[in-house]
$ cat query-v8.pdb   # PDB, C-alpha atoms
ATOM      1  CA  MET A 785     112.286  76.719  97.234
ATOM      2  CA  ASN A 786     113.188  77.519 100.820
ATOM      3  CA  SER A 787     110.642  79.675 102.648
ATOM      4  CA  ARG A 788     109.522  80.690 106.127
ATOM      5  CA  VAL A 789     106.246  82.236 107.198
ATOM      6  CA  VAL A 790     106.018  84.543 110.198
ATOM      7  CA  ILE A 791     102.530  85.182 111.547
ATOM      8  CA  ILE A 792     102.143  88.414 113.469
ATOM      9  CA  PRO A 793      99.071  88.659 115.725
ATOM     10  CA  ALA A 794      96.609  91.542 115.422
ATOM     11  CA  ALA A 795      97.543  92.792 118.911
ATOM     12  CA  GLU A 796     101.193  93.168 117.895
ATOM     13  CA  ILE A 797     100.204  95.060 114.748
ATOM     14  CA  ASP A 798      98.038  97.367 116.878
ATOM     15  CA  THR A 799     100.903  97.935 119.313
ATOM     16  CA  ARG A 800     103.803  98.361 116.913
ATOM     17  CA  GLY A 801     102.195  99.366 113.623
ATOM     18  CA  LEU A 802     101.801  97.471 110.363
ATOM     19  CA  HIS A 803     104.987  98.704 108.663
ATOM     20  CA  VAL A 804     107.195  97.959 111.676
ATOM     21  CA  CYS A 805     105.624  94.492 111.939
ATOM     22  CA  ASN A 806     106.175  93.868 108.215
ATOM     23  CA  LEU A 807     109.869  94.720 108.580
ATOM     24  CA  SER A 808     110.193  92.653 111.737
ATOM     25  CA  GLY A 809     108.431  89.705 110.092
ATOM     26  CA  MET A 810     110.807  89.830 107.129
ATOM     27  CA  ARG A 811     113.806  89.880 109.471
ATOM     28  CA  ARG A 812     112.440  86.950 111.506
ATOM     29  CA  ALA A 813     111.633  84.915 108.389
ATOM     30  CA  LEU A 814     115.074  85.531 106.901
ATOM     31  CA  ALA A 815     116.768  84.588 110.179
ATOM     32  CA  ALA A 816     114.893  81.256 110.140
ATOM     33  CA  LEU A 817     116.012  80.290 106.624
ATOM     34  CA  SER A 818     118.587  77.568 106.213
ATOM     35  CA  PRO A 819     120.692  77.918 104.230
ATOM     36  CA  ARG A 820     120.729  81.700 104.522
ATOM     37  CA  PRO A 821     120.476  83.582 101.243
ATOM     38  CA  HIS A 822     123.405  85.652 100.010
ATOM     39  CA  TYR A 823     121.195  88.416  98.605
ATOM     40  CA  VAL A 824     117.619  89.531  99.298
ATOM     41  CA  LEU A 825     115.017  91.234  97.124
ATOM     42  CA  THR A 826     112.187  93.016  98.946
ATOM     43  CA  ASP A 827     108.912  94.287  97.560
ATOM     44  CA  GLY A 828     108.936  98.053  97.419
ATOM     45  CA  PHE A 829     110.909  99.208 100.427
ATOM     46  CA  ARG A 830     114.357  98.708 101.882
ATOM     47  CA  VAL A 831     114.697  96.509 104.953
ATOM     48  CA  ASP A 832     117.707  97.249 107.137
ATOM     49  CA  GLY A 833     119.177  94.717 109.525
ATOM     50  CA  LEU A 834     118.906  91.629 107.338
ATOM     51  CA  GLY A 835     122.572  90.718 107.672
ATOM     52  CA  VAL A 836     122.932  90.263 103.905
ATOM     53  CA  PRO A 837     122.932  92.693 100.989
ATOM     54  CA  GLY A 838     119.548  93.438  99.497
ATOM     55  CA  LEU A 839     117.620  95.471  96.992
ATOM     56  CA  ALA A 840     114.182  97.030  97.292
ATOM     57  CA  VAL A 841     112.334  96.364  94.036
ATOM     58  CA  TRP A 842     109.434  98.669  93.171
ATOM     59  CA  LYS A 843     106.413  96.471  92.373
ATOM     60  CA  GLY A 844     108.690  93.512  93.064
ATOM     61  CA  ASP A 845     105.841  91.005  92.928
ATOM     62  CA  GLN A 846     105.309  92.008  89.290
ATOM     63  CA  VAL A 847     108.922  91.898  88.134
ATOM     64  CA  ALA A 848     110.748  89.271  90.226
ATOM     65  CA  ALA A 849     109.553  85.666  90.398
ATOM     66  CA  CYS A 850     110.957  85.121  93.903
ATOM     67  CA  VAL A 851     109.119  88.184  95.255
ATOM     68  CA  ALA A 852     105.922  87.096  93.497
ATOM     69  CA  ALA A 853     106.278  83.619  95.023
ATOM     70  CA  ALA A 854     106.699  85.114  98.514
ATOM     71  CA  SER A 855     103.593  87.212  97.909
ATOM     72  CA  VAL A 856     101.600  84.119  96.932
ATOM     73  CA  VAL A 857     102.807  82.221 100.016
ATOM     74  CA  ALA A 858     101.780  85.154 102.236
ATOM     75  CA  LYS A 859      98.354  85.467 100.591
ATOM     76  CA  VAL A 860      97.596  81.743 100.783
ATOM     77  CA  THR A 861      98.695  81.690 104.431
ATOM     78  CA  ARG A 862      96.457  84.666 105.215
ATOM     79  CA  ASP A 863      93.494  83.060 103.422
ATOM     80  CA  ARG A 864      93.961  79.847 105.413
ATOM     81  CA  ILE A 865      94.105  81.789 108.677
ATOM     82  CA  MET A 866      90.882  83.583 107.742
ATOM     83  CA  GLN A 867      89.222  80.224 106.984
ATOM     84  CA  GLU A 868      90.223  79.005 110.458
ATOM     85  CA  LEU A 869      88.955  82.216 112.061
ATOM     86  CA  HIS A 870      85.623  81.699 110.326
ATOM     87  CA  GLY A 871      85.247  78.468 112.304
ATOM     88  CA  GLU A 872      85.659  80.419 115.547
ATOM     89  CA  TRP A 873      83.857  83.618 114.480
ATOM     90  CA  PRO A 874      81.315  82.616 111.770
ATOM     91  CA  ASP A 875      79.223  85.786 112.171
ATOM     92  CA  TYR A 876      81.948  87.907 110.537
ATOM     93  CA  GLY A 877      82.192  86.007 107.237
ATOM     94  CA  PHE A 878      86.002  85.825 107.340
ATOM     95  CA  ASP A 879      85.800  82.881 104.917
ATOM     96  CA  MET A 880      84.339  85.152 102.247
ATOM     97  CA  HIS A 881      86.092  88.537 102.587
ATOM     98  CA  LYS A 882      89.389  87.273 104.082
ATOM     99  CA  GLY A 883      89.619  90.348 106.321
ATOM    100  CA  TYR A 884      89.386  92.911 103.539
ATOM    101  CA  VAL A 885      87.032  95.842 104.004
ATOM    102  CA  THR A 886      83.945  94.861 102.046
ATOM    103  CA  PRO A 887      80.345  95.981 102.542
ATOM    104  CA  GLU A 888      79.595  92.583 104.117
ATOM    105  CA  HIS A 889      82.551  92.786 106.499
ATOM    106  CA  SER A 890      81.649  96.357 107.487
ATOM    107  CA  ALA A 891      78.042  95.337 108.168
ATOM    108  CA  ALA A 892      79.146  92.375 110.320
ATOM    109  CA  LEU A 893      81.555  94.610 112.213
ATOM    110  CA  ARG A 894      78.774  97.109 112.956
ATOM    111  CA  ARG A 895      76.344  94.329 113.872
ATOM    112  CA  HIS A 896      78.643  92.300 116.161
ATOM    113  CA  GLY A 897      81.394  94.731 117.166
ATOM    114  CA  PRO A 898      85.069  93.859 116.730
ATOM    115  CA  CYS A 899      86.416  90.533 117.989
ATOM    116  CA  ASN A 900      89.910  90.038 119.389
ATOM    117  CA  GLN A 901      91.193  89.143 115.908
ATOM    118  CA  HIS A 902      90.361  92.572 114.482
ATOM    119  CA  ARG A 903      93.098  95.178 114.207
ATOM    120  CA  PHE A 904      91.877  97.941 116.481
ATOM    121  CA  SER A 905      94.417 100.375 115.033
ATOM    122  CA  TYR A 906      92.614 100.241 111.675
ATOM    123  CA  VAL A 907      90.253 103.155 111.090
ATOM    124  CA  ASN A 908      87.150 101.094 110.311
ATOM    125  CA  VAL A 909      87.554  98.887 113.388
ATOM    126  CA  ALA A 910      88.456 101.800 115.673
ATOM    127  CA  ALA A 911      85.351 103.698 114.534
ATOM    128  CA  VAL A 912      83.087 100.784 115.455
ATOM    129  CA  ALA A 913      84.941 100.183 118.740
ATOM    130  CA  ARG A 914      84.411 103.857 119.688
ATOM    131  CA  SER A 915      80.736 103.875 118.773
ATOM    132  CA  LYS A 916      78.152 104.187 121.541
ATOM    133  CA  ARG A 917      76.786 100.717 120.918
ATOM    134  CA  TRP A 918      80.070  98.954 121.796
ATOM    135  CA  ARG A 919      81.403 101.376 124.405
ATOM    136  CA  GLY A 920      80.105  99.273 127.320
ATOM    137  CA  THR A 921      82.021  96.194 126.132
ATOM    138  CA  VAL A 922      85.301  97.999 125.505
ATOM    139  CA  GLY A 923      84.550  97.765 121.815
ATOM    140  CA  VAL A 924      84.657  94.020 121.404
ATOM    141  CA  ALA A 925      82.175  91.276 120.800
ATOM    142  CA  PRO A 926      80.546  89.987 123.994
ATOM    143  CA  GLY A 927      82.714  87.538 125.916
ATOM    144  CA  VAL A 928      85.950  88.654 124.284
ATOM    145  CA  ALA A 929      88.773  90.392 126.138
ATOM    146  CA  ALA A 930      89.956  93.480 124.285
ATOM    147  CA  HIS A 931      93.568  94.183 123.453
ATOM    148  CA  LEU A 932      94.366  97.846 123.407
ATOM    149  CA  PRO A 933      97.432  99.290 121.696
ATOM    150  CA  ALA A 934     100.262  99.950 124.121
ATOM    151  CA  GLN A 935     102.219 103.141 123.636
ATOM    152  CA  LEU A 936     105.862 102.597 122.755
ATOM    153  CA  GLY A 937     108.354 104.813 124.534
ATOM    154  CA  ASP A 938     111.329 106.638 123.081
ATOM    155  CA  ASN A 939     113.693 103.871 124.204
ATOM    156  CA  VAL A 940     112.151 101.227 121.971
ATOM    157  CA  ALA A 941     113.845 100.301 118.697
ATOM    158  CA  MET A 942     112.252  98.778 115.595
ATOM    159  CA  GLU A 943     112.403  95.265 117.041
ATOM    160  CA  GLY A 944     110.930  96.399 120.361
ATOM    161  CA  GLY A 945     114.125  96.154 122.373
ATOM    162  CA  PRO A 946     116.154  98.899 124.046
ATOM    163  CA  ARG A 947     118.325 101.012 121.800
TER
END

$ encode --input "query-v8.pdb" --output "structure tokens"
Amino acid sequence: MNSRVVIIPAAEIDTRGLHVCNLSGMRRALAALSPRPHYVLTDGFRVDGLGVPGLAVWKGDQVAACVAAASVVAKVTRDRIMQELHGEWPDYGFDMHKGYVTPEHSAALRRHGPCNQHRFSYVNVAAVARSKRWRGTVGVAPGVAAHLPAQLGDNVAMEGGPR
């Protein structure tokens, strides 16, 4: 099996949005494949600009083995990243909740404030970042520089370049 993983940082997701980053990541991963596929199946939504024909498959990870395999690769990669982040930020319990909103993750977020690996565009993180307790530190854990979402202008296309 030929595969490529594209890791998109939290700051880029905050700036561009999760869906745009998902599409961009798929395009980047496909562009890095060698040999290039002749046809692409995507999970749930159409992805333009792939350079090859494709089909969006509703619940693709449940009905197409190749889509399910890509989903497993993405999940395992994410879990490994969260394990590594736990080494740097042990107070958040990333090794246990893997970044999902759990009662433990929410409690750690309230207790310590967001770190620079949190997605500030997510409602739960934004709420903590805006709270009085973290306002003096720009909503991040002490000693961490915040990344704030940049506003994209009208002249920015899906990939972030001029139209």

$ resolve_selection --input "query-v8.pdb" --expression "the PyMOL selection byres ((chain A and resi 792) around 12)" --output "CSV table (one decimal) with C-alpha atoms, keeping the file's coordinate frame"
chain,number,residue,atom,x,y,z
A,789,VAL,CA,106.2,82.2,107.2
A,790,VAL,CA,106.0,84.5,110.2
A,791,ILE,CA,102.5,85.2,111.5
A,793,PRO,CA,99.1,88.7,115.7
A,794,ALA,CA,96.6,91.5,115.4
A,795,ALA,CA,97.5,92.8,118.9
A,796,GLU,CA,101.2,93.2,117.9
A,797,ILE,CA,100.2,95.1,114.7
A,798,ASP,CA,98.0,97.4,116.9
A,799,THR,CA,100.9,97.9,119.3
A,800,ARG,CA,103.8,98.4,116.9
A,801,GLY,CA,102.2,99.4,113.6
A,802,LEU,CA,101.8,97.5,110.4
A,803,HIS,CA,105.0,98.7,108.7
A,804,VAL,CA,107.2,98.0,111.7
A,805,CYS,CA,105.6,94.5,111.9
A,806,ASN,CA,106.2,93.9,108.2
A,807,LEU,CA,109.9,94.7,108.6
A,808,SER,CA,110.2,92.7,111.7
A,809,GLY,CA,108.4,89.7,110.1
A,810,MET,CA,110.8,89.8,107.1
A,812,ARG,CA,112.4,87.0,111.5
A,813,ALA,CA,111.6,84.9,108.4
A,858,ALA,CA,101.8,85.2,102.2
A,861,THR,CA,98.7,81.7,104.4
A,862,ARG,CA,96.5,84.7,105.2
A,865,ILE,CA,94.1,81.8,108.7
A,901,GLN,CA,91.2,89.1,115.9
A,903,ARG,CA,93.1,95.2,114.2

$ residues_around --input "query-v8.pdb" --residues "region 846-850 of chain A" --least-positions-apart "6" --cutoff "10 Å" --atoms "all atoms listed in the file" --output "VMD selection string"
chain A and resid 785 824 to 827 856

$ residues_around --input "query-v8.pdb" --residues "Trp873 (chain A)" --least-positions-apart "3" --cutoff "12 Å" --atoms "all atoms listed in the file" --output "number ranges by chain"
A: 865-870, 876-879, 892-893, 896-902, 925-926, 928

$ write_last_selection --input "query-v8.pdb" --atoms "C-alpha atoms" --output "PDB file, keeping the file's coordinate frame"
ATOM      1  CA  ILE A 865      94.105  81.789 108.677  1.00  0.00           C
ATOM      2  CA  MET A 866      90.882  83.583 107.742  1.00  0.00           C
ATOM      3  CA  GLN A 867      89.222  80.224 106.984  1.00  0.00           C
ATOM      4  CA  GLU A 868      90.223  79.005 110.458  1.00  0.00           C
ATOM      5  CA  LEU A 869      88.955  82.216 112.061  1.00  0.00           C
ATOM      6  CA  HIS A 870      85.623  81.699 110.326  1.00  0.00           C
ATOM      7  CA  TYR A 876      81.948  87.907 110.537  1.00  0.00           C
ATOM      8  CA  GLY A 877      82.192  86.007 107.237  1.00  0.00           C
ATOM      9  CA  PHE A 878      86.002  85.825 107.340  1.00  0.00           C
ATOM     10  CA  ASP A 879      85.800  82.881 104.917  1.00  0.00           C
ATOM     11  CA  ALA A 892      79.146  92.375 110.320  1.00  0.00           C
ATOM     12  CA  LEU A 893      81.555  94.610 112.213  1.00  0.00           C
ATOM     13  CA  HIS A 896      78.643  92.300 116.161  1.00  0.00           C
ATOM     14  CA  GLY A 897      81.394  94.731 117.166  1.00  0.00           C
ATOM     15  CA  PRO A 898      85.069  93.859 116.730  1.00  0.00           C
ATOM     16  CA  CYS A 899      86.416  90.533 117.989  1.00  0.00           C
ATOM     17  CA  ASN A 900      89.910  90.038 119.389  1.00  0.00           C
ATOM     18  CA  GLN A 901      91.193  89.143 115.908  1.00  0.00           C
ATOM     19  CA  HIS A 902      90.361  92.572 114.482  1.00  0.00           C
ATOM     20  CA  ALA A 925      82.175  91.276 120.800  1.00  0.00           C
ATOM     21  CA  PRO A 926      80.546  89.987 123.994  1.00  0.00           C
ATOM     22  CA  VAL A 928      85.950  88.654 124.284  1.00  0.00           C
TER      23      VAL A 928
END

$ atom_distance --input "query-v8.pdb" --atom1 "CA of Gly838 (chain A)" --atom2 "CA of Arg820 (chain A)"
12.8 Å

$ atom_distance --input "query-v8.pdb" --atom1 "CA of Gly833 (chain A)" --atom2 "CA of Leu817 (chain A)"
15.1 Å

$ decode --input "query-v8.pdb" --residues "region 868-891 of chain A" --atoms "N, CA, C and O atoms" --output "tab-separated table (two decimals), in the first residue's frame"
chain	number	residue	atom	x	y	z
A	868	GLU	N	3.22	11.96	21.93
A	868	GLU	CA	4.39	12.85	21.97
A	868	GLU	C	4.06	14.15	22.70
A	868	GLU	O	4.88	14.66	23.47
A	869	LEU	N	2.88	14.70	22.44
A	869	LEU	CA	2.49	15.95	23.11
A	869	LEU	C	2.36	15.75	24.61
A	869	LEU	O	2.62	16.67	25.39
A	870	HIS	N	1.98	14.55	25.02
A	870	HIS	CA	1.89	14.27	26.45
A	870	HIS	C	3.26	14.43	27.12
A	870	HIS	O	3.34	14.91	28.25
A	871	GLY	N	4.31	14.06	26.42
A	871	GLY	CA	5.66	14.22	26.96
A	871	GLY	C	6.00	15.69	27.22
A	871	GLY	O	6.68	16.02	28.17
A	872	GLU	N	5.50	16.56	26.35
A	872	GLU	CA	5.76	18.00	26.48
A	872	GLU	C	4.76	18.69	27.40
A	872	GLU	O	5.10	19.64	28.09
A	873	TRP	N	3.52	18.23	27.39
A	873	TRP	CA	2.43	18.85	28.15
A	873	TRP	C	1.70	17.79	28.99
A	873	TRP	O	0.52	17.53	28.78
A	874	PRO	N	2.35	17.19	29.98
A	874	PRO	CA	1.74	16.07	30.72
A	874	PRO	C	0.49	16.47	31.53
A	874	PRO	O	-0.35	15.60	31.79
A	875	ASP	N	0.35	17.73	31.88
A	875	ASP	CA	-0.80	18.15	32.69
A	875	ASP	C	-2.14	18.01	31.96
A	875	ASP	O	-3.18	18.00	32.60
A	876	TYR	N	-2.12	17.90	30.64
A	876	TYR	CA	-3.37	17.85	29.88
A	876	TYR	C	-3.89	16.43	29.67
A	876	TYR	O	-5.04	16.26	29.29
A	877	GLY	N	-3.07	15.42	29.88
A	877	GLY	CA	-3.52	14.04	29.71
A	877	GLY	C	-3.76	13.65	28.26
A	877	GLY	O	-4.61	12.81	27.97
A	878	PHE	N	-3.01	14.26	27.33
A	878	PHE	CA	-3.18	13.95	25.91
A	878	PHE	C	-3.01	12.46	25.62
A	878	PHE	O	-3.61	11.94	24.68
A	879	ASP	N	-2.22	11.76	26.43
A	879	ASP	CA	-2.00	10.33	26.23
A	879	ASP	C	-3.27	9.52	26.48
A	879	ASP	O	-3.41	8.43	25.94
A	880	MET	N	-4.17	10.06	27.26
A	880	MET	CA	-5.40	9.32	27.59
A	880	MET	C	-6.56	9.68	26.67
A	880	MET	O	-7.23	8.79	26.14
A	881	HIS	N	-6.82	10.98	26.47
A	881	HIS	CA	-8.01	11.38	25.70
A	881	HIS	C	-7.73	11.67	24.24
A	881	HIS	O	-8.65	11.83	23.45
A	882	LYS	N	-6.45	11.72	23.86
A	882	LYS	CA	-6.03	11.90	22.46
A	882	LYS	C	-6.61	13.16	21.81
A	882	LYS	O	-6.77	13.23	20.60
A	883	GLY	N	-6.92	14.17	22.63
A	883	GLY	CA	-7.42	15.43	22.11
A	883	GLY	C	-8.93	15.51	22.00
A	883	GLY	O	-9.46	16.57	21.67
A	884	TYR	N	-9.62	14.42	22.28
A	884	TYR	CA	-11.08	14.46	22.24
A	884	TYR	C	-11.61	15.17	23.48
A	884	TYR	O	-10.97	15.18	24.52
A	885	VAL	N	-12.78	15.76	23.35
A	885	VAL	CA	-13.39	16.47	24.47
A	885	VAL	C	-13.95	15.41	25.43
A	885	VAL	O	-14.95	14.77	25.15
A	886	THR	N	-13.26	15.25	26.53
A	886	THR	CA	-13.71	14.35	27.60
A	886	THR	C	-13.80	15.19	28.86
A	886	THR	O	-13.26	16.29	28.92
A	887	PRO	N	-14.48	14.69	29.89
A	887	PRO	CA	-14.52	15.44	31.15
A	887	PRO	C	-13.11	15.73	31.69
A	887	PRO	O	-12.85	16.83	32.18
A	888	GLU	N	-12.20	14.78	31.55
A	888	GLU	CA	-10.83	14.97	32.04
A	888	GLU	C	-10.10	16.05	31.24
A	888	GLU	O	-9.39	16.89	31.81
A	889	HIS	N	-10.27	16.03	29.92
A	889	HIS	CA	-9.63	17.03	29.08
A	889	HIS	C	-10.20	18.42	29.39
A	889	HIS	O	-9.45	19.39	29.51
A	890	SER	N	-11.50	18.51	29.53
A	890	SER	CA	-12.14	19.79	29.84
A	890	SER	C	-11.66	20.34	31.17
A	890	SER	O	-11.39	21.54	31.30
A	891	ALA	N	-11.52	19.47	32.16
A	891	ALA	CA	-11.04	19.90	33.48
A	891	ALA	C	-9.60	20.40	33.39
A	891	ALA	O	-9.25	21.44	33.98
